[in-house]
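Visitor: Contents are mmCIF, C-alpha atoms; file name data.cif:
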```cif
data_start
loop_
_atom_site.label_atom_id
_atom_site.label_comp_id
_atom_site.auth_asym_id
_atom_site.auth_seq_id
_atom_site.Cartn_x
_atom_site.Cartn_y
_atom_site.Cartn_z
CA MET A 1 25.95 0.73 -7.36
CA ARG A 2 24.29 -2.66 -6.98
CA LEU A 3 25.61 -5.47 -9.15
CA ILE A 4 23.18 -7.09 -11.59
CA MET A 5 23.34 -10.85 -11.12
CA LYS A 6 23.01 -13.02 -14.22
CA LYS A 7 20.17 -15.05 -12.71
CA TYR A 8 18.24 -14.59 -9.50
CA PHE A 9 14.77 -14.96 -8.00
CA PHE A 10 12.71 -12.30 -6.24
CA THR A 11 9.42 -12.70 -4.37
CA SER A 12 6.72 -10.21 -3.37
CA GLU A 13 3.39 -10.67 -1.63
CA SER A 14 0.05 -8.89 -1.47
CA VAL A 15 -3.15 -9.32 0.53
CA THR A 16 -6.85 -8.80 -0.09
CA GLU A 17 -8.95 -6.04 1.46
CA GLY A 18 -10.28 -8.60 3.94
CA HIS A 19 -6.89 -9.41 5.42
CA PRO A 20 -7.11 -8.32 9.09
CA ASP A 21 -4.29 -5.78 8.74
CA LYS A 22 -5.88 -4.30 5.64
CA LEU A 23 -9.28 -4.17 7.34
CA CYS A 24 -7.58 -1.98 9.95
CA ASP A 25 -5.82 0.17 7.35
CA TYR A 26 -9.11 0.74 5.54
CA ILE A 27 -10.95 1.78 8.69
CA SER A 28 -8.15 4.19 9.63
CA ASP A 29 -7.98 5.73 6.16
CA THR A 30 -11.76 6.14 6.02
CA ILE A 31 -11.77 7.97 9.35
CA LEU A 32 -9.10 10.25 7.91
CA ASP A 33 -11.12 10.87 4.75
CA GLU A 34 -14.30 11.62 6.70
CA ALA A 35 -12.40 14.19 8.77
CA LEU A 36 -10.93 15.83 5.65
CA LYS A 37 -14.34 16.01 3.96
CA GLN A 38 -15.53 18.32 6.73
CA ASP A 39 -12.26 20.02 7.68
CA LYS A 40 -9.38 19.91 5.20
CA TYR A 41 -6.93 20.97 7.91
CA SER A 42 -7.71 18.00 10.14
CA ARG A 43 -4.77 16.43 11.92
CA VAL A 44 -5.24 12.69 12.14
CA ALA A 45 -3.08 9.85 13.45
CA ILE A 46 -5.40 6.89 13.94
CA GLU A 47 -4.62 3.26 14.68
CA THR A 48 -7.12 0.43 14.37
CA PHE A 49 -6.73 -2.93 16.10
CA ALA A 50 -8.90 -5.94 15.26
CA SER A 51 -9.15 -9.08 17.38
CA ALA A 52 -11.88 -11.71 17.17
CA ASN A 53 -15.22 -9.85 17.17
CA GLN A 54 -13.79 -6.57 18.46
CA ILE A 55 -12.38 -3.38 16.93
CA THR A 56 -10.35 -0.84 18.88
CA ILE A 57 -9.79 2.68 17.55
CA ALA A 58 -7.04 4.75 19.20
CA GLY A 59 -4.93 7.77 18.35
CA GLN A 60 -5.14 11.50 17.93
CA ILE A 61 -7.57 13.65 15.93
CA THR A 62 -7.63 17.44 15.94
CA THR A 63 -10.51 18.61 13.74
CA ASN A 64 -13.70 20.61 13.49
CA ALA A 65 -15.37 17.61 11.85
CA LYS A 66 -18.16 15.71 13.59
CA LEU A 67 -17.27 12.05 13.21
CA ASP A 68 -19.47 9.04 13.92
CA ILE A 69 -16.57 6.65 14.27
CA GLU A 70 -18.67 3.64 15.22
CA LYS A 71 -20.76 3.99 12.07
CA ILE A 72 -17.64 4.34 9.94
CA VAL A 73 -16.24 1.14 11.42
CA ARG A 74 -19.39 -0.92 10.93
CA ASP A 75 -19.93 0.38 7.38
CA ARG A 76 -16.38 -0.53 6.34
CA ILE A 77 -16.59 -4.04 7.79
CA LYS A 78 -19.90 -4.54 5.98
CA GLU A 79 -18.49 -3.20 2.70
CA ILE A 80 -15.61 -5.66 2.85
CA GLY A 81 -18.07 -8.50 3.37
CA TYR A 82 -17.57 -9.63 6.95
CA ASP A 83 -20.83 -10.80 8.52
CA ASN A 84 -20.07 -13.97 10.47
CA SER A 85 -18.40 -13.84 13.90
CA SER A 86 -17.91 -17.62 13.93
CA LEU A 87 -15.68 -17.39 10.82
CA ASP A 88 -14.09 -13.91 10.96
CA ILE A 89 -16.04 -10.85 12.26
CA ASP A 90 -19.63 -9.54 12.06
CA TYR A 91 -20.23 -5.85 11.34
CA ARG A 92 -23.56 -6.02 13.20
CA THR A 93 -22.40 -7.49 16.51
CA CYS A 94 -18.71 -6.67 16.89
CA LYS A 95 -17.68 -4.64 19.91
CA ILE A 96 -16.15 -1.24 19.13
CA ASP A 97 -13.88 0.52 21.62
CA ILE A 98 -12.88 4.13 20.86
CA ASN A 99 -10.02 5.95 22.61
CA VAL A 100 -9.17 9.13 20.70
CA THR A 101 -7.44 12.28 21.95
CA LYS A 102 -6.12 15.47 20.29
CA GLN A 103 -2.68 15.97 18.76
CA SER A 104 0.02 16.79 21.30
CA SER A 105 0.65 20.53 21.60
CA ASP A 106 4.39 19.78 21.53
CA ILE A 107 4.05 18.30 18.05
CA ALA A 108 1.49 20.86 16.88
CA GLN A 109 3.78 23.84 17.54
CA GLY A 110 6.21 22.56 14.90
CA VAL A 111 3.56 21.48 12.39
CA ASP A 112 1.62 24.75 12.67
CA ILE A 113 4.54 26.68 11.19
CA GLY A 114 4.93 24.25 8.29
CA GLY A 115 7.48 21.86 9.73
CA ALA A 116 7.50 18.08 9.41
CA GLY A 117 5.26 16.21 11.83
CA ASP A 118 8.07 13.88 12.82
CA GLN A 119 11.65 12.99 12.06
CA GLY A 120 12.36 10.08 9.75
CA ILE A 121 13.62 8.78 6.43
CA MET A 122 11.45 8.11 3.39
CA PHE A 123 12.06 6.42 0.04
CA GLY A 124 10.50 6.58 -3.39
CA TYR A 125 11.15 4.14 -6.22
CA ALA A 126 10.29 3.46 -9.85
CA SER A 127 11.36 0.94 -12.46
CA ASP A 128 10.63 0.41 -16.13
CA GLU A 129 9.72 -3.27 -15.53
CA THR A 130 5.97 -2.61 -15.91
CA GLU A 131 3.77 -0.03 -17.61
CA GLU A 132 2.93 1.45 -14.21
CA TYR A 133 6.66 1.74 -13.40
CA MET A 134 6.45 -0.73 -10.54
CA PRO A 135 8.54 -3.84 -9.83
CA PHE A 136 7.07 -6.83 -11.64
CA ALA A 137 6.60 -9.18 -8.67
CA ILE A 138 4.55 -6.78 -6.53
CA SER A 139 2.55 -5.69 -9.57
CA MET A 140 1.50 -9.29 -10.27
CA ALA A 141 0.83 -10.04 -6.58
CA HIS A 142 -1.46 -6.99 -6.29
CA LYS A 143 -3.38 -7.92 -9.42
CA LEU A 144 -3.95 -11.44 -8.14
CA ALA A 145 -5.16 -10.16 -4.76
CA LYS A 146 -7.49 -7.67 -6.39
CA ARG A 147 -8.86 -10.39 -8.67
CA LEU A 148 -9.54 -12.61 -5.63
CA THR A 149 -11.79 -9.87 -4.28
CA GLU A 150 -13.46 -9.32 -7.67
CA VAL A 151 -14.45 -12.96 -8.16
CA ARG A 152 -15.86 -13.05 -4.63
CA LYS A 153 -17.86 -9.83 -4.81
CA THR A 154 -19.19 -10.40 -8.33
CA GLY A 155 -20.34 -13.94 -7.51
CA ILE A 156 -17.97 -15.71 -9.88
CA LEU A 157 -16.63 -17.65 -6.88
CA PRO A 158 -19.34 -16.96 -4.27
CA TYR A 159 -17.95 -19.44 -1.75
CA LEU A 160 -14.89 -17.28 -1.06
CA ARG A 161 -14.65 -15.19 2.12
CA PRO A 162 -12.86 -11.80 2.37
CA ASP A 163 -9.46 -12.85 3.74
CA GLY A 164 -6.68 -13.83 1.34
CA LYS A 165 -3.01 -13.56 0.41
CA THR A 166 -0.97 -13.85 -2.77
CA GLN A 167 2.73 -14.28 -3.48
CA VAL A 168 4.70 -14.28 -6.73
CA THR A 169 8.30 -15.39 -7.30
CA VAL A 170 9.93 -13.98 -10.43
CA GLU A 171 13.04 -15.25 -12.17
CA TYR A 172 15.36 -12.55 -13.48
CA GLU A 173 18.12 -12.99 -16.03
CA ASP A 174 20.63 -10.22 -16.71
CA GLY A 175 18.49 -7.86 -14.66
CA LYS A 176 15.31 -8.46 -16.70
CA VAL A 177 12.14 -10.41 -15.93
CA LYS A 178 12.38 -13.81 -17.59
CA ARG A 179 9.49 -15.86 -16.16
CA ILE A 180 7.32 -16.48 -13.14
CA ASP A 181 8.69 -19.32 -11.09
CA THR A 182 6.04 -19.68 -8.36
CA ILE A 183 2.52 -18.45 -7.61
CA LEU A 184 1.06 -18.84 -4.13
CA ILE A 185 -2.55 -18.01 -3.25
CA SER A 186 -4.34 -18.58 0.03
CA ALA A 187 -8.05 -17.75 -0.10
CA GLN A 188 -10.53 -17.95 2.77
CA HIS A 189 -13.60 -20.02 1.89
CA ASN A 190 -16.88 -21.35 3.24
CA GLU A 191 -16.69 -24.60 5.17
CA ASP A 192 -18.51 -26.82 2.68
CA VAL A 193 -16.22 -26.12 -0.30
CA ASP A 194 -14.50 -28.93 -2.16
CA ILE A 195 -10.80 -28.02 -2.04
CA ASP A 196 -9.99 -29.62 -5.39
CA ALA A 197 -12.72 -27.54 -7.02
CA LEU A 198 -11.40 -24.41 -5.29
CA VAL A 199 -7.89 -25.06 -6.61
CA THR A 200 -9.21 -25.47 -10.15
CA ASP A 201 -11.43 -22.41 -9.91
CA ILE A 202 -8.70 -20.13 -8.60
CA LYS A 203 -6.28 -21.26 -11.28
CA GLU A 204 -8.85 -20.69 -14.03
CA LYS A 205 -10.73 -17.65 -12.73
CA VAL A 206 -7.95 -15.79 -10.94
CA ILE A 207 -4.46 -16.76 -12.10
CA ASN A 208 -5.23 -17.31 -15.78
CA GLU A 209 -7.18 -14.05 -15.91
CA VAL A 210 -4.32 -12.00 -14.47
CA ILE A 211 -0.92 -13.46 -15.33
CA PRO A 212 0.28 -12.98 -18.96
CA GLU A 213 0.88 -16.36 -20.60
CA LYS A 214 4.36 -15.41 -21.77
CA TYR A 215 5.63 -15.51 -18.18
CA ILE A 216 4.26 -19.00 -17.44
CA ASP A 217 5.97 -22.20 -18.50
CA SER A 218 5.91 -25.92 -17.73
CA GLU A 219 8.12 -25.40 -14.67
CA THR A 220 5.99 -22.71 -13.04
CA LYS A 221 4.83 -23.95 -9.64
CA TYR A 222 1.40 -23.31 -8.14
CA TYR A 223 0.49 -23.45 -4.45
CA ILE A 224 -3.20 -22.80 -3.88
CA ASN A 225 -4.40 -23.05 -0.28
CA PRO A 226 -1.41 -25.27 0.52
CA THR A 227 -2.70 -26.12 4.02
CA GLY A 228 -5.80 -27.56 2.36
CA ARG A 229 -8.28 -25.53 4.43
CA PHE A 230 -8.77 -21.83 5.17
CA VAL A 231 -12.18 -21.36 6.80
CA ILE A 232 -11.34 -19.30 9.88
CA GLY A 233 -9.96 -15.96 8.77
CA GLY A 234 -10.03 -12.21 9.29
CA PRO A 235 -9.58 -10.96 12.87
CA LEU A 236 -10.73 -14.32 14.25
CA GLY A 237 -7.89 -16.14 12.53
CA ASP A 238 -5.26 -13.48 13.19
CA THR A 239 -5.23 -10.06 14.82
CA GLY A 240 -5.10 -7.01 12.58
CA LEU A 241 -3.33 -3.69 13.07
CA THR A 242 -2.97 -0.49 11.08
CA GLY A 243 0.40 -0.08 9.39
CA ARG A 244 1.60 -3.66 9.50
CA LYS A 245 1.76 -4.18 5.74
CA ILE A 246 4.29 -1.51 4.81
CA ILE A 247 6.09 -3.67 2.23
CA VAL A 248 2.82 -4.68 0.58
CA ASP A 249 1.91 -0.98 0.51
CA THR A 250 5.11 0.05 -1.28
CA TYR A 251 7.39 -1.95 -3.58
CA GLY A 252 7.17 -5.52 -2.35
CA GLY A 253 10.64 -5.39 -0.84
CA TYR A 254 12.32 -4.50 -4.12
CA ALA A 255 13.23 -1.03 -2.84
CA ARG A 256 14.27 0.20 0.57
CA HIS A 257 11.73 1.40 3.13
CA GLY A 258 12.12 4.04 5.83
CA GLY A 259 9.90 2.12 8.25
CA GLY A 260 6.99 4.54 8.58
CA ALA A 261 3.49 3.30 7.80
CA PHE A 262 0.98 5.29 5.74
CA SER A 263 -2.62 4.54 6.68
CA GLY A 264 -4.49 6.67 9.20
CA LYS A 265 -2.08 9.62 8.89
CA ASP A 266 -2.86 13.01 7.42
CA ALA A 267 -0.37 14.57 5.03
CA THR A 268 1.49 16.64 7.62
CA LYS A 269 3.03 13.29 8.55
CA VAL A 270 5.92 13.05 6.10
CA ASP A 271 6.02 9.27 6.57
CA ARG A 272 3.13 9.32 4.14
CA SER A 273 3.30 12.53 2.11
CA ALA A 274 7.04 12.52 1.42
CA ALA A 275 6.92 8.85 0.37
CA TYR A 276 4.18 9.78 -2.12
CA MET A 277 6.19 12.74 -3.42
CA LEU A 278 9.36 10.69 -3.82
CA ARG A 279 7.45 8.02 -5.74
CA HIS A 280 6.17 10.79 -8.03
CA ILE A 281 9.66 12.13 -8.64
CA ALA A 282 11.24 8.71 -9.12
CA LYS A 283 8.52 7.72 -11.57
CA ASN A 284 9.11 10.86 -13.60
CA ILE A 285 12.87 10.34 -13.60
CA VAL A 286 12.31 6.89 -15.17
CA ALA A 287 9.41 7.91 -17.43
CA HIS A 288 11.48 10.75 -18.91
CA GLY A 289 14.36 8.43 -19.65
CA TYR A 290 16.94 9.66 -17.16
CA ALA A 291 17.29 6.14 -15.74
CA LYS A 292 15.75 2.68 -15.95
CA LYS A 293 15.50 2.44 -12.16
CA CYS A 294 15.49 5.19 -9.57
CA GLU A 295 15.36 5.23 -5.79
CA ILE A 296 15.30 8.48 -3.82
CA GLN A 297 15.79 8.98 -0.09
CA VAL A 298 15.08 12.08 1.97
CA ALA A 299 15.38 12.70 5.71
CA TYR A 300 13.36 15.12 7.87
CA ALA A 301 13.59 16.58 11.36
CA ILE A 302 10.46 17.24 13.40
CA GLY A 303 9.31 20.84 13.10
CA VAL A 304 11.78 21.64 10.28
CA GLU A 305 10.53 22.44 6.78
CA GLU A 306 13.36 21.50 4.45
CA PRO A 307 14.65 17.92 4.30
CA MET A 308 17.96 17.20 5.98
CA SER A 309 19.31 15.32 2.96
CA ILE A 310 18.47 13.97 -0.50
CA PHE A 311 20.07 10.88 -2.02
CA VAL A 312 19.48 9.37 -5.48
CA ASP A 313 20.47 5.85 -6.56
CA THR A 314 19.86 4.68 -10.13
CA PHE A 315 21.73 1.37 -9.75
CA GLY A 316 24.04 2.13 -12.65
CA THR A 317 21.19 2.78 -15.10
CA SER A 318 21.24 6.59 -15.34
CA LYS A 319 22.02 8.49 -18.52
CA ILE A 320 23.23 11.52 -16.57
CA PRO A 321 25.21 11.73 -13.31
CA GLU A 322 23.17 11.16 -10.18
CA ASP A 323 24.29 14.46 -8.65
CA GLN A 324 22.67 16.17 -11.65
CA ILE A 325 19.43 14.31 -10.95
CA GLU A 326 19.61 15.54 -7.36
CA GLU A 327 19.96 19.11 -8.65
CA ILE A 328 16.97 18.60 -10.98
CA ILE A 329 14.93 17.48 -7.97
CA LYS A 330 15.99 20.44 -5.82
CA ARG A 331 15.31 22.89 -8.66
CA ASN A 332 11.89 21.58 -9.67
CA PHE A 333 10.20 20.15 -6.58
CA ASP A 334 9.29 21.74 -3.24
CA LEU A 335 9.96 19.06 -0.63
CA THR A 336 8.71 21.01 2.38
CA PRO A 337 5.59 19.43 3.97
CA ASN A 338 3.35 22.28 2.79
CA GLY A 339 4.96 22.22 -0.64
CA ILE A 340 4.21 18.50 -0.99
CA ILE A 341 0.66 18.89 0.33
CA ASN A 342 -0.14 21.70 -2.10
CA TYR A 343 1.55 20.07 -5.11
CA LEU A 344 -0.22 16.72 -4.70
CA GLY A 345 -3.52 18.05 -3.31
CA LEU A 346 -3.23 16.05 -0.10
CA ARG A 347 -5.89 17.92 1.83
CA GLU A 348 -8.51 16.14 -0.26
CA PRO A 349 -10.23 12.95 1.04
CA ILE A 350 -8.46 10.52 -1.31
CA PHE A 351 -6.73 8.24 1.16
CA SER A 352 -9.17 5.33 1.37
CA LYS A 353 -8.49 4.84 -2.36
CA THR A 354 -4.89 4.04 -1.51
CA THR A 355 -5.43 1.43 1.20
CA ASN A 356 -5.70 -1.77 -0.80
CA TYR A 357 -3.48 -3.32 -3.50
CA GLY A 358 -0.64 -0.85 -3.03
CA HIS A 359 -0.31 2.90 -2.63
CA PHE A 360 1.63 3.14 -5.89
CA GLY A 361 0.97 2.22 -9.51
CA LYS A 362 -2.66 3.41 -9.58
CA PRO A 363 -3.04 5.98 -12.39
CA GLU A 364 -5.88 7.87 -10.67
CA LEU A 365 -3.69 8.99 -7.77
CA PRO A 366 -1.98 12.40 -8.07
CA TRP A 367 1.55 11.16 -7.32
CA GLU A 368 1.30 8.77 -10.28
CA LYS A 369 0.95 11.61 -12.80
CA ILE A 370 3.72 11.89 -15.40
CA CYS A 371 4.72 15.53 -15.89
CA ASP A 372 5.17 17.03 -19.36
CA LYS A 373 8.77 17.76 -18.40
CA ILE A 374 10.91 17.96 -15.29
CA LEU A 375 13.93 19.92 -16.53
#
```
Let me see the file written as C-alpha cells.
Guide:
Amino acid sequence: MRLIMKKYFFTSESVTEGHPDKLCDYISDTILDEALKQDKYSRVAIETFASANQITIAGQITTNAKLDIEKIVRDRIKEIGYDNSSLDIDYRTCKIDINVTKQSSDIAQGVDIGGAGDQGIMFGYASDETEEYMPFAISMAHKLAKRLTEVRKTGILPYLRPDGKTQVTVEYEDGKVKRIDTILISAQHNEDVDIDALVTDIKEKVINEVIPEKYIDSETKYYINPTGRFVIGGPLGDTGLTGRKIIVDTYGGYARHGGGAFSGKDATKVDRSAAYMLRHIAKNIVAHGYAKKCEIQVAYAIGVEEPMSIFVDTFGTSKIPEDQIEEIIKRNFDLTPNGIINYLGLREPIFSKTTNYGHFGKPELPWEKICDKIL
C-alpha cells in the first residue's frame, strides 16, 4: 500500500496532434484503420519516423487490404495543418519512404491459435479524481492541448502552428486535489507574432476556457512559451517517432506503465488491447464503488492465451479485499487476446480516434463504458 502524503505536487504533460511524435502515431493508427476497414483480420505493426521534410514508414502488415500508404501519409499531414517545409513539414513536397513486410511466421503461428502476439506486462488504472475517472493532472493537460488545436483550426488564434505542448502541476493535500500550482504551454506560431499578445491570447482563449476557476489562485504560476519564440516546429524542430509518448497516452505518470506503446498495432498485440481492457476493468471497479483508486497488472507470454498473472492494487482505498477483486475480474472478464478483442470490438477501425489527447477518458471508446454491474 502506498502512503498518502499530507501535501505533495504531481505534474503531467500532454502534446497537440501536431507534435512530431503524435504526427507519427496518427499516421500509424490511420494505416491500421484503413487495413481494418477492408480486412478486419489484418495484422499490423507499423512504425512511422518523421525528420525534416521526410516520412519513413516501416514495419509489418499481413492483410488482404489494398493500401495506398503514400496517400494516407499526405492526407494526415494535411489534416493536421502542416504545409510549410521551412517551418515544419509540407504534405505536398515531403519525401515518403515505405519499407513494409509481412508478419513473421514465427509470431503468426502463436497468434493464429489465439495466443498473445508478444510477452509483456500491461497496466490499467482509474481514479475518482475526475468525472472521466482519470488522474486530474493528465486530464487538465489533455484538455489544454486539445484546446490549443481548437483555437488554431477554428481561426480564434490563426497565427498558431500545429506543434505544441502543455504541462500541469497539481498540489494535493491529504490525497485530494487542492489547487493547480503551475501551467506550462508551449505553442508553435508564425514568425511575425507579437509574443506578449500570444501570451495574453493563450491565457484568455485557452487556459481560462479550460481550467475551472476553483483550482486557480493568486499563487498559480503560468509559463507560456517560456523561451520567447517557437517558430520552427514539427519534424523540422525535432524528429518524431511512433510510440514515444506512452505516458501522455496513458495516465500522465500517475500509474505504472508496462513499457509497450499502442499506436500502429492491431489488437492481437496485447501491449494495446490488454491495456485497454485493464483500463475498462479498473474504471468499473472504481465506478461501482469497490475502491477510490485501482491499478491492475497482467502479464502475458507469446503464443499463450491466458495471462500469466493478475495483480490488483487499490492503494488502501478498497471496500473489499483485493484478492476478492481479483476473483471478480477472473469470474467476469475473459482476458485472452480473442476474448478482449471480441468484448471490446477491436477488429473495428476505431484506432485513429485514440491517437491524440490520451487513449483513456474518452466516453465514445468501448473500454470507457461503465457496465450495469460487474458482480
Visitor: For atom CA of Phe123 of chain A and atom CA of Glu348 of chain A, determine how far apart the two atoms are, in Å to one decimal place.
Guide: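 The value is 22.8 Å.
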Visitor: Write out as a ChimeraX atom specification which residues come within 12 Å of Asp33 of chain A when counting all atoms listed in the file, dropping same-chain ones fewer than 2 positions away.
Guide: /A:26-31,35-46,63,65,67,69,72,263-267,346-355
Visitor: Return the single residue from A:Glu322, A:Asp21, A:Glu150, A:Glu305 that is closest to Ile55 of chain A, with distances computed using all atoms listed in the file.
Guide: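 The answer is A:Asp21, which sits nearest to Ile55 of chain A.
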Visitor: Name the closest residue to Val248 of chain A among the candidates A:Leu148, A:Ile80, A:Ala126, A:Met140; distances are taken between atoms, counting only C-alpha atoms.
Guide: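 Answer, going by the shortest atom-to-atom distance: A:Met140.
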Visitor: On this structure, the PyMOL selection byres ((chain A and resi 277) around 8) would catch which residues? List them as a ChimeraX atom specification, sorted by chain and number.
Guide: /A:124,273-276,278-281,335,340,344,367
Visitor: Taking C-alpha atoms for each residue, export the selection above as a PDB file, in the frame of the given file.
Guide:
```
ATOM      1  CA  GLY A 124      10.500   6.580  -3.390  1.00  0.00           C
ATOM      2  CA  SER A 273       3.300  12.530   2.110  1.00  0.00           C
ATOM      3  CA  ALA A 274       7.040  12.520   1.420  1.00  0.00           C
ATOM      4  CA  ALA A 275       6.920   8.850   0.370  1.00  0.00           C
ATOM      5  CA  TYR A 276       4.180   9.780  -2.120  1.00  0.00           C
ATOM      6  CA  LEU A 278       9.360  10.690  -3.820  1.00  0.00           C
ATOM      7  CA  ARG A 279       7.450   8.020  -5.740  1.00  0.00           C
ATOM      8  CA  HIS A 280       6.170  10.790  -8.030  1.00  0.00           C
ATOM      9  CA  ILE A 281       9.660  12.130  -8.640  1.00  0.00           C
ATOM     10  CA  LEU A 335       9.960  19.060  -0.630  1.00  0.00           C
ATOM     11  CA  ILE A 340       4.210  18.500  -0.990  1.00  0.00           C
ATOM     12  CA  LEU A 344      -0.220  16.720  -4.700  1.00  0.00           C
ATOM     13  CA  TRP A 367       1.550  11.160  -7.320  1.00  0.00           C
TER      14      TRP A 367
END
```
Visitor: Give the answer as one residue: which of A:Pro158, A:Gly175, A:Gly81, A:Gly164 has the shortest atom-to-atom distance to Asn190 of chain A, using all atoms listed in the file?
Guide: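 Closest candidate: A:Pro158.
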Visitor: Using the atoms already present, construct N, CA and C atoms for segment 221-240 of chain A and hand them back as a PDB file, keeping the file's coordinate frame.
Guide:
```
ATOM      1  N   LYS A 221       5.453 -23.199 -10.743  1.00  0.00           N
ATOM      2  CA  LYS A 221       4.830 -23.950  -9.640  1.00  0.00           C
ATOM      3  C   LYS A 221       3.661 -23.164  -9.072  1.00  0.00           C
ATOM      4  N   TYR A 222       2.605 -23.905  -8.702  1.00  0.00           N
ATOM      5  CA  TYR A 222       1.400 -23.310  -8.140  1.00  0.00           C
ATOM      6  C   TYR A 222       1.148 -23.894  -6.750  1.00  0.00           C
ATOM      7  N   TYR A 223       0.897 -23.026  -5.790  1.00  0.00           N
ATOM      8  CA  TYR A 223       0.490 -23.450  -4.450  1.00  0.00           C
ATOM      9  C   TYR A 223      -0.798 -22.692  -4.119  1.00  0.00           C
ATOM     10  N   ILE A 224      -1.896 -23.410  -4.144  1.00  0.00           N
ATOM     11  CA  ILE A 224      -3.200 -22.800  -3.880  1.00  0.00           C
ATOM     12  C   ILE A 224      -3.778 -23.425  -2.624  1.00  0.00           C
ATOM     13  N   ASN A 225      -3.987 -22.586  -1.601  1.00  0.00           N
ATOM     14  CA  ASN A 225      -4.400 -23.050  -0.280  1.00  0.00           C
ATOM     15  C   ASN A 225      -3.585 -24.281   0.142  1.00  0.00           C
ATOM     16  N   PRO A 226      -2.286 -24.116   0.274  1.00  0.00           N
ATOM     17  CA  PRO A 226      -1.410 -25.270   0.520  1.00  0.00           C
ATOM     18  C   PRO A 226      -1.682 -26.016   1.814  1.00  0.00           C
ATOM     19  N   THR A 227      -2.337 -25.372   2.801  1.00  0.00           N
ATOM     20  CA  THR A 227      -2.700 -26.120   4.020  1.00  0.00           C
ATOM     21  C   THR A 227      -3.909 -27.002   3.783  1.00  0.00           C
ATOM     22  N   GLY A 228      -4.620 -26.764   2.691  1.00  0.00           N
ATOM     23  CA  GLY A 228      -5.800 -27.560   2.360  1.00  0.00           C
ATOM     24  C   GLY A 228      -7.102 -27.016   2.895  1.00  0.00           C
ATOM     25  N   ARG A 229      -7.054 -26.051   3.825  1.00  0.00           N
ATOM     26  CA  ARG A 229      -8.280 -25.530   4.430  1.00  0.00           C
ATOM     27  C   ARG A 229      -7.999 -24.127   4.971  1.00  0.00           C
ATOM     28  N   PHE A 230      -8.906 -23.200   4.674  1.00  0.00           N
ATOM     29  CA  PHE A 230      -8.770 -21.830   5.170  1.00  0.00           C
ATOM     30  C   PHE A 230     -10.191 -21.290   5.397  1.00  0.00           C
ATOM     31  N   VAL A 231     -10.812 -21.754   6.474  1.00  0.00           N
ATOM     32  CA  VAL A 231     -12.180 -21.360   6.800  1.00  0.00           C
ATOM     33  C   VAL A 231     -12.190 -20.211   7.802  1.00  0.00           C
ATOM     34  N   ILE A 232     -11.431 -20.355   8.868  1.00  0.00           N
ATOM     35  CA  ILE A 232     -11.340 -19.300   9.880  1.00  0.00           C
ATOM     36  C   ILE A 232     -10.361 -18.238   9.402  1.00  0.00           C
ATOM     37  N   GLY A 233     -10.813 -17.012   9.285  1.00  0.00           N
ATOM     38  CA  GLY A 233      -9.960 -15.960   8.770  1.00  0.00           C
ATOM     39  C   GLY A 233     -10.262 -14.620   9.413  1.00  0.00           C
ATOM     40  N   GLY A 234      -9.804 -13.544   8.761  1.00  0.00           N
ATOM     41  CA  GLY A 234     -10.030 -12.210   9.290  1.00  0.00           C
ATOM     42  C   GLY A 234      -9.493 -12.065  10.706  1.00  0.00           C
ATOM     43  N   PRO A 235     -10.071 -11.186  11.511  1.00  0.00           N
ATOM     44  CA  PRO A 235      -9.580 -10.960  12.870  1.00  0.00           C
ATOM     45  C   PRO A 235      -9.759 -12.152  13.811  1.00  0.00           C
ATOM     46  N   LEU A 236     -10.598 -13.116  13.435  1.00  0.00           N
ATOM     47  CA  LEU A 236     -10.730 -14.320  14.250  1.00  0.00           C
ATOM     48  C   LEU A 236      -9.553 -15.254  14.039  1.00  0.00           C
ATOM     49  N   GLY A 237      -9.031 -15.285  12.828  1.00  0.00           N
ATOM     50  CA  GLY A 237      -7.890 -16.140  12.530  1.00  0.00           C
ATOM     51  C   GLY A 237      -6.561 -15.516  12.900  1.00  0.00           C
ATOM     52  N   ASP A 238      -6.512 -14.181  12.893  1.00  0.00           N
ATOM     53  CA  ASP A 238      -5.260 -13.480  13.190  1.00  0.00           C
ATOM     54  C   ASP A 238      -5.614 -12.032  13.519  1.00  0.00           C
ATOM     55  N   THR A 239      -4.956 -11.446  14.500  1.00  0.00           N
ATOM     56  CA  THR A 239      -5.230 -10.060  14.820  1.00  0.00           C
ATOM     57  C   THR A 239      -4.799  -9.147  13.671  1.00  0.00           C
ATOM     58  N   GLY A 240      -5.442  -7.990  13.594  1.00  0.00           N
ATOM     59  CA  GLY A 240      -5.100  -7.010  12.580  1.00  0.00           C
ATOM     60  C   GLY A 240      -4.684  -5.701  13.224  1.00  0.00           C
TER      61      GLY A 240
END
```
